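Coordinates from input-v1.cif are shown below (mmCIF, C-alpha atoms).
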data_input
loop_
_atom_site.label_atom_id
_atom_site.label_comp_id
_atom_site.auth_asym_id
_atom_site.auth_seq_id
_atom_site.Cartn_x
_atom_site.Cartn_y
_atom_site.Cartn_z
CA MET A 1 0.00 0.00 0.00
CA THR A 2 1.38 3.39 -1.04
CA ILE A 3 1.03 6.26 1.43
CA ARG A 4 0.34 9.35 -0.68
CA THR A 5 1.93 12.19 1.28
CA ILE A 6 2.10 15.99 1.24
CA LEU A 7 4.80 17.98 3.07
CA VAL A 8 3.97 21.48 4.34
CA ASP A 9 6.59 23.88 5.71
CA ASP A 10 7.50 27.48 5.01
CA GLU A 11 11.21 26.57 5.19
CA PRO A 12 12.45 24.80 2.01
CA LEU A 13 15.39 23.29 3.92
CA ALA A 14 13.00 21.71 6.40
CA ILE A 15 11.06 20.11 3.54
CA GLN A 16 14.30 18.81 2.00
CA GLY A 17 15.38 17.37 5.34
CA LEU A 18 12.09 15.55 5.80
CA GLN A 19 12.24 14.26 2.22
CA LEU A 20 15.64 12.73 2.96
CA ARG A 21 14.38 11.06 6.12
CA LEU A 22 11.38 9.64 4.28
CA GLN A 23 13.43 8.16 1.42
CA PRO A 24 14.15 4.83 3.19
CA HIS A 25 10.40 4.27 3.56
CA GLU A 26 9.58 2.98 0.10
CA ASP A 27 5.83 2.97 0.61
CA VAL A 28 5.77 6.75 1.22
CA GLU A 29 5.12 8.68 -1.99
CA ILE A 30 5.53 12.46 -1.73
CA ILE A 31 3.00 13.83 -4.18
CA GLU A 32 3.27 17.53 -3.31
CA THR A 33 5.18 20.02 -1.18
CA CYS A 34 3.72 23.33 0.03
CA LEU A 35 5.34 26.43 1.48
CA ASN A 36 2.29 27.90 3.26
CA GLY A 37 -1.11 27.06 4.64
CA ARG A 38 -3.17 28.30 1.70
CA GLU A 39 -1.17 26.14 -0.72
CA ALA A 40 -1.63 23.21 1.63
CA ILE A 41 -5.43 23.52 1.75
CA ARG A 42 -5.64 23.68 -2.06
CA ALA A 43 -3.27 20.73 -2.48
CA ILE A 44 -5.07 18.56 0.06
CA LYS A 45 -8.47 19.23 -1.50
CA THR A 46 -7.06 18.52 -4.97
CA HIS A 47 -4.92 15.45 -4.33
CA LYS A 48 -6.75 13.91 -1.35
CA PRO A 49 -3.57 12.50 0.23
CA ASP A 50 -3.41 9.80 2.87
CA LEU A 51 -0.95 11.69 5.06
CA VAL A 52 0.21 15.26 5.60
CA PHE A 53 3.33 16.33 7.49
CA LEU A 54 2.37 19.81 8.64
CA ASP A 55 4.45 22.60 10.15
CA ILE A 56 2.60 24.61 12.80
CA GLN A 57 4.15 28.07 12.74
CA MET A 58 3.81 29.52 9.24
CA PRO A 59 2.98 33.05 8.12
CA GLY A 60 -0.69 33.61 7.34
CA PHE A 61 -2.42 30.26 7.78
CA ASP A 62 -0.68 28.22 10.47
CA GLY A 63 -1.00 24.47 10.82
CA PHE A 64 -4.15 24.60 12.93
CA SER A 65 -5.77 26.96 10.42
CA VAL A 66 -5.07 24.40 7.69
CA ILE A 67 -7.01 21.76 9.61
CA GLN A 68 -9.88 24.18 10.21
CA GLY A 69 -9.92 24.97 6.49
CA LEU A 70 -10.61 21.30 5.70
CA MET A 71 -13.67 20.85 7.91
CA GLU A 72 -15.98 20.26 4.95
CA VAL A 73 -13.90 17.46 3.40
CA GLU A 74 -12.69 14.12 4.67
CA PRO A 75 -9.31 14.97 6.18
CA PRO A 76 -6.11 12.97 5.74
CA LEU A 77 -3.98 11.84 8.66
CA PHE A 78 -1.88 14.70 10.05
CA VAL A 79 1.53 14.63 11.67
CA PHE A 80 2.70 17.96 13.06
CA VAL A 81 6.39 18.78 12.60
CA THR A 82 7.66 21.80 14.51
CA ALA A 83 10.63 23.26 16.34
CA TYR A 84 8.52 24.12 19.39
CA GLN A 85 7.06 21.92 22.12
CA ASP A 86 4.50 24.51 23.22
CA HIS A 87 1.77 23.33 20.84
CA ALA A 88 1.82 19.62 21.73
CA ILE A 89 -1.44 19.59 23.70
CA ARG A 90 -3.33 21.55 21.08
CA ALA A 91 -1.92 19.26 18.37
CA PHE A 92 -3.34 16.15 20.03
CA GLU A 93 -6.64 17.94 20.63
CA ALA A 94 -6.71 18.47 16.85
CA GLN A 95 -6.52 14.67 16.51
CA ALA A 96 -3.04 14.67 14.99
CA MET A 97 -1.45 11.24 14.59
CA ASP A 98 1.77 12.49 16.14
CA TYR A 99 3.87 15.52 17.02
CA LEU A 100 7.49 15.48 15.84
CA LEU A 101 10.14 17.97 16.88
CA LYS A 102 12.71 19.32 14.45
CA PRO A 103 15.19 17.98 13.59
CA VAL A 104 13.08 14.86 13.14
CA ASP A 105 14.50 11.77 14.81
CA GLU A 106 14.60 8.86 12.36
CA GLN A 107 13.37 6.27 14.86
CA ARG A 108 10.49 8.50 16.00
CA LEU A 109 9.58 8.99 12.36
CA ALA A 110 9.63 5.24 11.76
CA ASP A 111 7.37 4.66 14.78
CA THR A 112 4.95 7.30 13.54
CA LEU A 113 4.80 5.74 10.08
CA ASP A 114 4.05 2.34 11.62
CA ARG A 115 1.00 3.85 13.33
CA VAL A 116 0.00 5.55 10.09
CA ARG A 117 0.18 2.22 8.23
CA GLN A 118 -1.95 0.57 10.88
CA ARG A 119 -4.58 3.31 10.78
CA LEU A 120 -4.74 3.27 6.97
CA ALA A 121 -5.05 -0.53 6.92
CA GLU A 122 -7.98 -0.30 9.36
CA LYS A 123 -9.62 2.36 7.20
CA LYS A 124 -9.17 0.27 4.05
CA GLY A 125 -10.69 -2.75 5.78
CA HIS A 126 -13.78 -0.74 6.77
CA GLU A 127 -14.14 0.63 3.24
CA GLU A 128 -13.87 -2.83 1.66
CA ALA A 129 -16.46 -4.18 4.07
CA GLY A 130 -18.76 -1.30 3.12
CA ARG A 131 -18.36 -2.01 -0.60
CA LEU A 132 -19.09 -5.70 -0.01
CA LYS A 133 -22.32 -4.82 1.77
CA GLU A 134 -23.37 -2.56 -1.13
CA VAL A 135 -22.73 -5.30 -3.69
CA LEU A 136 -24.54 -7.91 -1.61
CA ALA A 137 -27.50 -5.58 -1.18
CA GLU A 138 -27.88 -5.49 -4.98
CA VAL A 139 -27.22 -9.12 -5.93
CA ALA A 140 -28.15 -11.01 -2.77
CA PRO A 141 -30.38 -9.00 -0.42
CA GLU A 142 -30.91 -11.90 1.98
CA ALA A 143 -27.17 -12.44 2.38
CA ALA A 144 -26.72 -8.73 2.98
CA GLU A 145 -29.28 -8.81 5.77
CA THR A 146 -27.53 -11.78 7.37
CA LEU A 147 -24.17 -10.01 7.15
CA ALA A 148 -25.62 -6.86 8.70
CA ALA A 149 -27.11 -8.87 11.57
CA ASP A 150 -23.79 -10.59 12.20
CA SER A 151 -21.98 -7.25 12.12
CA ASP A 152 -24.35 -5.81 14.69
CA ALA A 153 -23.82 -8.83 16.93
CA ASP A 154 -20.05 -8.40 16.71
CA ALA A 155 -20.09 -4.62 17.13
CA PRO A 156 -17.94 -4.66 20.29
CA ALA A 157 -15.27 -6.57 18.33
CA ALA A 158 -15.04 -3.86 15.70
CA ASN A 159 -11.70 -2.14 15.57
CA ARG A 160 -13.11 1.11 16.84
CA PHE A 161 -11.56 1.43 20.27
CA GLU A 162 -8.53 3.43 21.34
CA LYS A 163 -5.08 1.92 20.87
CA LEU A 164 -3.19 4.94 22.20
CA ILE A 165 -4.34 7.40 24.86
CA ASN A 166 -2.73 10.81 25.24
CA ILE A 167 -2.36 11.76 28.89
CA LYS A 168 -1.17 15.16 30.10
CA ASP A 169 0.50 14.68 33.46
CA ARG A 170 3.17 16.67 35.30
CA GLY A 171 3.51 19.12 32.43
CA LYS A 172 4.24 16.41 29.89
CA ILE A 173 2.20 14.45 27.36
CA PHE A 174 2.46 10.67 27.60
CA ARG A 175 1.32 8.49 24.70
CA VAL A 176 0.15 5.35 26.48
CA ASP A 177 -0.30 2.09 24.60
CA VAL A 178 -3.66 0.73 25.77
CA ASP A 179 -2.23 -2.81 25.82
CA THR A 180 0.08 -1.78 28.68
CA ILE A 181 -2.70 -0.42 30.91
CA GLU A 182 -3.15 -2.85 33.81
CA ARG A 183 -5.90 -1.16 35.77
CA ILE A 184 -7.68 2.17 36.18
CA ASP A 185 -8.93 3.66 39.45
CA ALA A 186 -11.42 6.51 39.63
CA ALA A 187 -11.05 9.49 41.94
CA GLY A 188 -13.87 11.88 41.12
CA ASP A 189 -13.27 13.36 37.66
CA TYR A 190 -9.72 12.01 37.63
CA MET A 191 -8.47 8.57 36.60
CA CYS A 192 -5.31 6.91 37.90
CA ILE A 193 -3.87 4.91 35.00
CA TYR A 194 -1.53 2.08 36.05
CA THR A 195 0.76 0.59 33.41
CA GLY A 196 2.77 -1.76 35.61
CA ASP A 197 5.82 0.51 35.80
CA ASN A 198 4.12 3.92 35.85
CA THR A 199 1.12 5.73 37.27
CA LEU A 200 -0.45 8.63 35.38
CA ILE A 201 -3.35 10.96 36.17
CA LEU A 202 -6.00 11.57 33.50
CA ARG A 203 -8.73 14.19 33.89
CA GLU A 204 -11.76 12.29 32.58
CA THR A 205 -14.76 10.50 34.03
CA MET A 206 -14.82 6.71 34.19
CA LYS A 207 -18.00 6.64 32.12
CA ASP A 208 -16.34 8.51 29.24
CA LEU A 209 -13.13 6.49 29.47
CA GLU A 210 -15.04 3.20 29.35
CA LYS A 211 -16.47 4.18 25.96
CA ARG A 212 -12.94 4.45 24.56
CA LEU A 213 -11.81 0.98 25.72
CA ASP A 214 -12.59 -2.43 24.24
CA PRO A 215 -15.12 -4.09 26.61
CA ARG A 216 -13.83 -7.52 25.64
CA ARG A 217 -10.63 -6.68 27.51
CA PHE A 218 -11.40 -3.84 29.92
CA GLN A 219 -14.11 -4.56 32.45
CA ARG A 220 -15.26 -2.74 35.54
CA VAL A 221 -14.80 -5.02 38.56
CA HIS A 222 -15.69 -2.45 41.17
CA ARG A 223 -17.64 0.81 41.19
CA SER A 224 -14.36 2.70 40.82
CA THR A 225 -12.00 0.19 39.16
CA ILE A 226 -11.49 -1.07 35.59
CA VAL A 227 -9.13 -3.99 34.92
CA ASN A 228 -7.37 -5.21 31.77
CA LEU A 229 -8.48 -8.86 31.81
CA ASP A 230 -5.59 -9.87 29.54
CA LEU A 231 -3.23 -9.04 32.40
CA VAL A 232 -5.03 -11.12 35.05
CA LYS A 233 -2.94 -14.14 36.06
CA GLN A 234 -4.88 -15.45 39.06
CA VAL A 235 -8.29 -15.32 40.71
CA LYS A 236 -8.35 -15.66 44.51
CA PRO A 237 -11.71 -16.36 46.21
CA HIS A 238 -12.56 -14.20 49.19
CA THR A 239 -15.34 -14.08 51.75
CA ASN A 240 -18.95 -13.05 51.14
CA GLY A 241 -18.81 -14.00 47.46
CA GLU A 242 -16.09 -11.49 46.65
CA CYS A 243 -12.74 -12.32 45.06
CA PHE A 244 -9.38 -10.79 44.21
CA LEU A 245 -7.74 -10.59 40.80
CA VAL A 246 -3.95 -10.91 40.86
CA LEU A 247 -2.41 -8.95 38.00
CA ASP A 248 0.88 -9.46 36.17
CA SER A 249 2.54 -6.77 38.28
CA GLY A 250 1.53 -8.57 41.48
CA ALA A 251 -1.13 -6.00 42.34
CA GLN A 252 -4.39 -7.38 43.74
CA VAL A 253 -7.78 -5.90 42.89
CA LYS A 254 -10.94 -6.73 44.78
CA VAL A 255 -13.97 -7.70 42.70
CA SER A 256 -17.18 -6.67 44.40
CA ARG A 257 -20.13 -9.07 44.41
CA SER A 258 -22.16 -6.95 42.04
CA TYR A 259 -19.47 -7.32 39.33
CA ARG A 260 -18.48 -10.95 39.98
CA GLU A 261 -20.68 -12.42 37.26
CA VAL A 262 -19.42 -9.92 34.69
CA VAL A 263 -15.80 -10.91 35.33
CA ALA A 264 -16.62 -14.62 35.35
CA ARG A 265 -17.64 -14.40 31.68
CA PHE A 266 -14.18 -13.18 30.71
CA VAL A 267 -11.73 -14.78 33.14
CA HIS A 268 -11.18 -18.51 32.62
#
Serialized structure, structure tokens:
Amino acid sequence: MTIRTILVDDEPLAIQGLQLRLQPHEDVEIIETCLNGREAIRAIKTHKPDLVFLDIQMPGFDGFSVIQGLMEVEPPLFVFVTAYQDHAIRAFEAQAMDYLLKPVDEQRLADTLDRVRQRLAEKKGHEEAGRLKEVLAEVAPEAAETLAADSDADAPAANRFEKLINIKDRGKIFRVDVDTIERIDAAGDYMCIYTGDNTLILRETMKDLEKRLDPRRFQRVHRSTIVNLDLVKQVKPHTNGECFLVLDSGAQVKVSRSYREVVARFVH
């Protein structure tokens, strides 16, 4: 799969540097380069790229203005490239794939492109499934209805849950791989995210966070606790119908009686 890419930066040397760093990635095709935000908006609307590397601070239309100028079209994936750290939070709020600092580190660039490939593969899979449903609806309506029913039944398994969560904590932004999250404890409107070797604070309600996590793996086992069931290594019975889950890190989490049956469906 070719990743059709546009580079946007008001400094020609910065564009040349990024071109050199992208050369080893044979699936990245640079279809256009732009020196300002207005050029970028026109190029993106014309070429409909898969990916845009976008500088933030440019005269006239800055990087955020470019994204705002594309609200009426399906946007590509964006990776911000800048010399300043100050805009990191706003960049992630704009749903950027990543935020790279100049000069771009080659390994960080490679990691970003891996995530881009994954996201594009997911998108292609959804599009192909949609086309299949359209064809079936025309040539085999009954089969299409069966497929739709099966899809609805498997909705929780759809690849629509978060794989990375951006957490601002202690003045920094941490990109946390959801697979590494062991458990989550609620404290009012704050969540304590435990990853085995780190604890981070996220300002979000448990109800909202639950919607972002795959319920096949992340289950609430207490009124204020969510556990990654893939990281449960032992179940220890306790009194009054309660039990403890022993996690990979050695931490123990009590499962209240009201959630015992829910956990039993997932832990074998």
Selection result of the PyMOL selection byres ((chain A and resi 200-207) around 7) on this file, as a ChimeraX atom specification: /A:167-169,186,189-194,198-199,208-211
Length of the atom CA of Ile184 of chain A to atom CA of Asp98 of chain A vector [Å]: 24.4 Å
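Straight-line separation from atom CA of Pro24 of chain A to atom CA of Leu54 of chain A: 19.8 Å.
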Length of the atom CA of Leu100 of chain A to atom CA of Gly69 of chain A vector [Å]: 21.9 Å
Picked residues, the PyMOL selection byres ((chain A and resi 8-10) around 12), as JSON, numbers by chain: {"A": [5, 6, 7, 11, 12, 13, 14, 15, 16, 17, 18, 19, 30, 31, 32, 33, 34, 35, 36, 37, 38, 39, 40, 41, 42, 43, 44, 51, 52, 53, 54, 55, 56, 57, 58, 59, 60, 61, 62, 63, 66, 78, 79, 80, 81, 82, 83, 102]}
Non-local contacts of Val73 of chain A (10 Å; all atoms listed in the file; under 2 positions in same chain excluded) as JSON, numbers by chain: {"A": [44, 45, 48, 69, 70, 71, 75, 76]}
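If you measure from each of A:Arg212, A:Arg4, A:Arg217, A:Arg21 to Pro103 of chain A using only C-alpha atoms, the closest one turns out to be A:Arg21.
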